[in-house]
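Only one structure is covered here, and it is reproduced in the block below.
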Amino acid sequence: MKTMSASKERAGYVVRKKGDYLRETIQHFDIKKKHDVVSIIEDYGAMAFSARSLSRASRIYDQMLADADCSVILCLAGSLFSAGLKNVVYDMVEHNMVDAIVSTGAIMVDQDFFEGLGFKHYLGTSMVDDDELQKLHIDRIYDTYIDEDDLRICDETVGKIADSLPPRPYSSREFIGEMGRYLDEHAKNRESVVLASYKKEVPIFVPAFSDCSAGFGLIEHQLRRKEHVTIDSARDFLELTQVKMAAKETGLLMIGGGVPKNFAQDVVVAADILTGKTRMHKYAVQITVADERDGGLSGSTLKEAHSWGKVDLGGTQMVYAEAAVAFPLLASYAYRKGSWKGREPRKFTRLFPH
Ligand SMILES: NC(=O)c1ccc[n+]([C@@H]2O[C@H](COP(=O)([O-])OP(=O)(O)OC[C@H]3O[C@@H](n4cnc5c(N)ncnc54)[C@H](O)[C@@H]3O)[C@@H](O)[C@H]2O)c1
């Protein structure tokens, strides 16, 4: 490759280096800034389409926080944190606006833990030579770039954490707690959801934990160690169901769809099977770009979820919008309204022996 670059350079081509692409970093949205979001969201309420549904969803989320009996479960899918939404969730955890999180591994490991280790996401473009990116070890998420060599360090760090633990099955919640403990000692950037949740005792569940950077670290660990750490996905389901059973009422705030959405909705049925009595999620909001026509879970409506006995219909709202636009507005509105102030922290990780 070196020789090819040299000959390209001699032939007058502009030959780029990694640093030419990885220049400007993604900046995370700050819900604490004095944006005038409350009046925007209120004015949206007198409009139509996504404006009105986002306005209603924001008010429902604020209602969840104002309801002393309601515990909030935040579900995350899509490439949210690499897009600049990490600190939205970080501030929600710090300000007691969320009590449990269900996420994809990409968000919690490849994006959050990754930034906790001091790595960054970079502004990029889809109008680029992907072959050149691949040769330079630059990964692309639409208009965002990531240094693949940094990601490899993230994978290895997960493997190192696994090496340091007694070999036995762990729920993803427990393992992510260990990642939080690691960041508490080694973080280069402390604005991490994994770290904040560890300190605030907010459990994070990642039902498909190996489907991300963590998987690469764990397979190396399992090959290295005859006796090794395994991830027990059924334990995750039991633990999240125990959160549901411990909470008087629950509200789901779902950003994107996928596995986290289904996992968090199914705990109502699971609690019913385990105890013979349960309450549906009292509130539910979903921001998604998926719609219901293909019958897939991600776009299935909350109205449909009621037919499965999972959500009550009073406080539900679907918002058809891209999360990088809609989620900061919703979260900033709830932050400004201040119903989170004086809210009792649930500290749900205390439900579990480990
Ligand atoms: N996304 C990544 O860059 C990435 C990287 C590594 C691993 N993975 C793994 O792939 C699996 C699936 O991940 P996923 O959540 O990215 O994909 P997904 O496609 O399953 O997303 C789920 C749903 O959320 C909706 N959605 C996603 N982003 C949205 C947005 N910005 N605004 C509104 N709606 C949005 C989608 O329409 C989709 O219906 C996970 O196990 C994850 O760990 C993903």
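Identifiers for the structure tokens are assigned positionally: chains receive A, B, ... in sequence, residues are indexed from 1 per chain, and ligands are indexed from 1 in the order shown.
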
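Non-sequential neighbours of Ala305 (chain A) (distance at most 9 Å, separation of 6 or more positions within a chain, only C-alpha atoms) are Gln265, Val311 and Asp312 of chain A.
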
Pull the closest atom pair for each residue of chain A that gets at most 7 Å from ligand 1, along with the distance in Å to one decimal, counting only C-alpha atoms and all ligand atoms, ordering rows by chain and then ascending residue number, as CSV.
residue,atom,partner,partner_atom_place_in_ligand_line,distance
A:Ala77,CA,ligand 1,15 (O),3.6
A:Gly78,CA,ligand 1,28 (N),3.5
A:Ser79,CA,ligand 1,1 (N),4.3
A:Leu80,CA,ligand 1,31 (N),6.1
A:Thr104,CA,ligand 1,43 (O),4.3
A:Gly105,CA,ligand 1,43 (O),3.9
A:Ala106,CA,ligand 1,43 (O),3.8
A:Ile107,CA,ligand 1,43 (O),6.7
A:Asp110,CA,ligand 1,6 (C),6.8
A:Ile141,CA,ligand 1,3 (O),6.0
A:Ala208,CA,ligand 1,41 (O),5.4
A:Asp211,CA,ligand 1,41 (O),4.6
A:Cys212,CA,ligand 1,7 (C),4.3
A:Ser213,CA,ligand 1,6 (C),6.9
A:Ile255,CA,ligand 1,34 (N),6.5
A:Gly256,CA,ligand 1,24 (O),3.4
A:Gly257,CA,ligand 1,23 (C),3.9
A:Gly258,CA,ligand 1,22 (C),4.0
A:Ile287,CA,ligand 1,33 (C),5.9
A:Thr288,CA,ligand 1,34 (N),3.6
A:Val289,CA,ligand 1,34 (N),4.3
A:Ala290,CA,ligand 1,37 (O),4.4
A:Ser298,CA,ligand 1,39 (O),4.4
A:Gly299,CA,ligand 1,39 (O),6.1
A:Ala321,CA,ligand 1,33 (C),5.9
A:Glu322,CA,ligand 1,32 (N),3.6
A:Ala323,CA,ligand 1,32 (N),3.7
A:Ala324,CA,ligand 1,31 (N),5.8

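If only C-alpha atoms are the atoms counted, then among A:Ser55, A:Phe119, A:Ser164, A:Phe263 the closest residue to Ser39 (chain A) is A:Ser55.
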
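Considering only C-alpha atoms, the residue among A:Asp155, A:Glu249, A:Glu24, A:Asp62 positioned nearest to Glu220 (chain A) is A:Asp155.
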
Tell me which of A:Phe216, A:Phe81, A:Tyr170, A:Tyr182 sits closest to Met108 (chain A), counting only C-alpha atoms.
A:Phe81

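Nearest-residue note for Ala66 (chain A): choosing from A:Leu238, A:Ala334, A:Ala284, A:Cys154, the minimum distance belongs to A:Ala334, counting only C-alpha atoms.
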
Within 12 Å of Lys160 (chain A), counting only C-alpha atoms, which residues qualify if same-chain residues fewer than 6 places away don't, as a ChimeraX atom specification?
/A:153-154,178-179,182,214,216-222,224-225,228-229

As a ChimeraX atom specification, please: the residues near Val285 (chain A) (cut-off 7 Å, only C-alpha atoms, same-chain neighbours under 5 positions excluded).
/A:57,252-254,316-318

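Counting only C-alpha atoms, the residue from A:Arg16, A:Arg59, A:Arg173, A:His281 that sits nearest to Leu133 (chain A) is A:Arg16.
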
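Counting from CA of Ala100 (chain A), the distance to CA of Ile204 (chain A) is 6.1 Å.
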
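Distances here use only C-alpha atoms; by that measure, the residue among A:Lys86, A:Arg56, A:His35, A:Arg23 closest to Thr144 (chain A) is A:Arg23.
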
Enumerate, as a ChimeraX atom specification, the complete set of residues in region 86-237 of chain A that a backbone-based DSSP assignment places in strand (DSSP E or B).
/A:100-103,122-123,138-141,144-147,169-170,204-205,230-231

Would you export the selected residues with N, CA and C atoms as a PDB file, in the first residue's frame, please?
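Dumped to part-v2.pdb:
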ATOM      1  N   ALA A 100     -33.802   2.735  34.503  1.00  0.00           N
ATOM      2  CA  ALA A 100     -33.173   1.529  33.931  1.00  0.00           C
ATOM      3  C   ALA A 100     -33.021   1.782  32.436  1.00  0.00           C
ATOM      4  N   ILE A 101     -31.991   1.145  31.855  1.00  0.00           N
ATOM      5  CA  ILE A 101     -31.731   1.339  30.416  1.00  0.00           C
ATOM      6  C   ILE A 101     -31.658  -0.024  29.743  1.00  0.00           C
ATOM      7  N   VAL A 102     -32.298  -0.141  28.581  1.00  0.00           N
ATOM      8  CA  VAL A 102     -32.137  -1.322  27.733  1.00  0.00           C
ATOM      9  C   VAL A 102     -31.589  -0.802  26.403  1.00  0.00           C
ATOM     10  N   SER A 103     -30.484  -1.367  25.947  1.00  0.00           N
ATOM     11  CA  SER A 103     -29.792  -0.764  24.800  1.00  0.00           C
ATOM     12  C   SER A 103     -29.221  -1.827  23.875  1.00  0.00           C
ATOM     13  N   TYR A 122     -15.931  11.194  14.606  1.00  0.00           N
ATOM     14  CA  TYR A 122     -15.524  12.326  13.772  1.00  0.00           C
ATOM     15  C   TYR A 122     -16.576  12.663  12.713  1.00  0.00           C
ATOM     16  N   LEU A 123     -16.689  13.939  12.415  1.00  0.00           N
ATOM     17  CA  LEU A 123     -17.562  14.395  11.333  1.00  0.00           C
ATOM     18  C   LEU A 123     -17.015  13.863  10.008  1.00  0.00           C
ATOM     19  N   ILE A 138     -10.508   3.250   8.639  1.00  0.00           N
ATOM     20  CA  ILE A 138     -11.533   4.201   9.104  1.00  0.00           C
ATOM     21  C   ILE A 138     -12.890   3.582   8.801  1.00  0.00           C
ATOM     22  N   ASP A 139     -13.729   3.426   9.835  1.00  0.00           N
ATOM     23  CA  ASP A 139     -15.080   2.899   9.665  1.00  0.00           C
ATOM     24  C   ASP A 139     -16.027   4.074   9.486  1.00  0.00           C
ATOM     25  N   ARG A 140     -17.128   3.824   8.746  1.00  0.00           N
ATOM     26  CA  ARG A 140     -18.069   4.919   8.495  1.00  0.00           C
ATOM     27  C   ARG A 140     -19.471   4.546   8.958  1.00  0.00           C
ATOM     28  N   ILE A 141     -20.111   5.401   9.727  1.00  0.00           N
ATOM     29  CA  ILE A 141     -21.553   5.291  10.000  1.00  0.00           C
ATOM     30  C   ILE A 141     -22.179   6.501   9.313  1.00  0.00           C
ATOM     31  N   THR A 144     -20.401   9.811   9.664  1.00  0.00           N
ATOM     32  CA  THR A 144     -19.532   9.835  10.845  1.00  0.00           C
ATOM     33  C   THR A 144     -18.393   8.837  10.638  1.00  0.00           C
ATOM     34  N   TYR A 145     -17.201   9.221  11.072  1.00  0.00           N
ATOM     35  CA  TYR A 145     -16.044   8.325  10.946  1.00  0.00           C
ATOM     36  C   TYR A 145     -15.555   7.867  12.327  1.00  0.00           C
ATOM     37  N   ILE A 146     -15.019   6.643  12.337  1.00  0.00           N
ATOM     38  CA  ILE A 146     -14.457   6.073  13.560  1.00  0.00           C
ATOM     39  C   ILE A 146     -13.109   5.452  13.192  1.00  0.00           C
ATOM     40  N   ASP A 147     -12.154   5.578  14.085  1.00  0.00           N
ATOM     41  CA  ASP A 147     -10.841   4.964  13.876  1.00  0.00           C
ATOM     42  C   ASP A 147     -10.923   3.490  14.290  1.00  0.00           C
ATOM     43  N   PRO A 169     -21.208 -17.420  34.614  1.00  0.00           N
ATOM     44  CA  PRO A 169     -22.159 -16.643  33.796  1.00  0.00           C
ATOM     45  C   PRO A 169     -22.483 -15.289  34.446  1.00  0.00           C
ATOM     46  N   TYR A 170     -22.564 -14.269  33.627  1.00  0.00           N
ATOM     47  CA  TYR A 170     -22.931 -12.915  34.079  1.00  0.00           C
ATOM     48  C   TYR A 170     -24.111 -12.436  33.245  1.00  0.00           C
ATOM     49  N   ILE A 204     -28.074  -1.211  33.358  1.00  0.00           N
ATOM     50  CA  ILE A 204     -28.105  -1.162  31.887  1.00  0.00           C
ATOM     51  C   ILE A 204     -28.156  -2.604  31.387  1.00  0.00           C
ATOM     52  N   PHE A 205     -29.153  -2.908  30.580  1.00  0.00           N
ATOM     53  CA  PHE A 205     -29.291  -4.249  29.999  1.00  0.00           C
ATOM     54  C   PHE A 205     -29.014  -4.175  28.505  1.00  0.00           C
ATOM     55  N   THR A 230     -19.197 -16.106  30.677  1.00  0.00           N
ATOM     56  CA  THR A 230     -20.228 -16.203  29.633  1.00  0.00           C
ATOM     57  C   THR A 230     -21.313 -15.180  29.961  1.00  0.00           C
ATOM     58  N   ILE A 231     -22.102 -14.820  28.955  1.00  0.00           N
ATOM     59  CA  ILE A 231     -23.172 -13.849  29.164  1.00  0.00           C
ATOM     60  C   ILE A 231     -24.505 -14.594  29.134  1.00  0.00           C
TER      61      ILE A 231
END

Write down as a PyMOL selection string the residues belonging to region 11-153 of chain A that are assigned helix (DSSP H, G or I) by DSSP computed on the backbone.
chain A and resi 18-21+37-44+49-66+81-83+86-94+105-116+130-135+148-153

Fewer than 6 positions away in the same chain doesn't count, so skip those; otherwise give me all residues within 8 Å of Val268 (chain A), counting only C-alpha atoms, as a CSV table (one decimal) with C-alpha atoms, in the first residue's frame.
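Dumped everything to result_23.csv:
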chain,number,residue,atom,x,y,z
A,241,THR,CA,-38.6,-8.5,34.9
A,244,LYS,CA,-40.7,-4.3,36.5
A,278,THR,CA,-48.9,-7.5,36.6
A,279,ARG,CA,-49.6,-4.0,35.4
A,280,MET,CA,-49.0,-3.0,31.8
A,281,HIS,CA,-46.5,-0.1,31.2
A,309,GLY,CA,-51.3,-6.7,27.0
A,310,LYS,CA,-48.0,-4.8,27.2

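Put simply, CA of Ala271 (chain A) is 26.5 Å away from CA of Glu292 (chain A).
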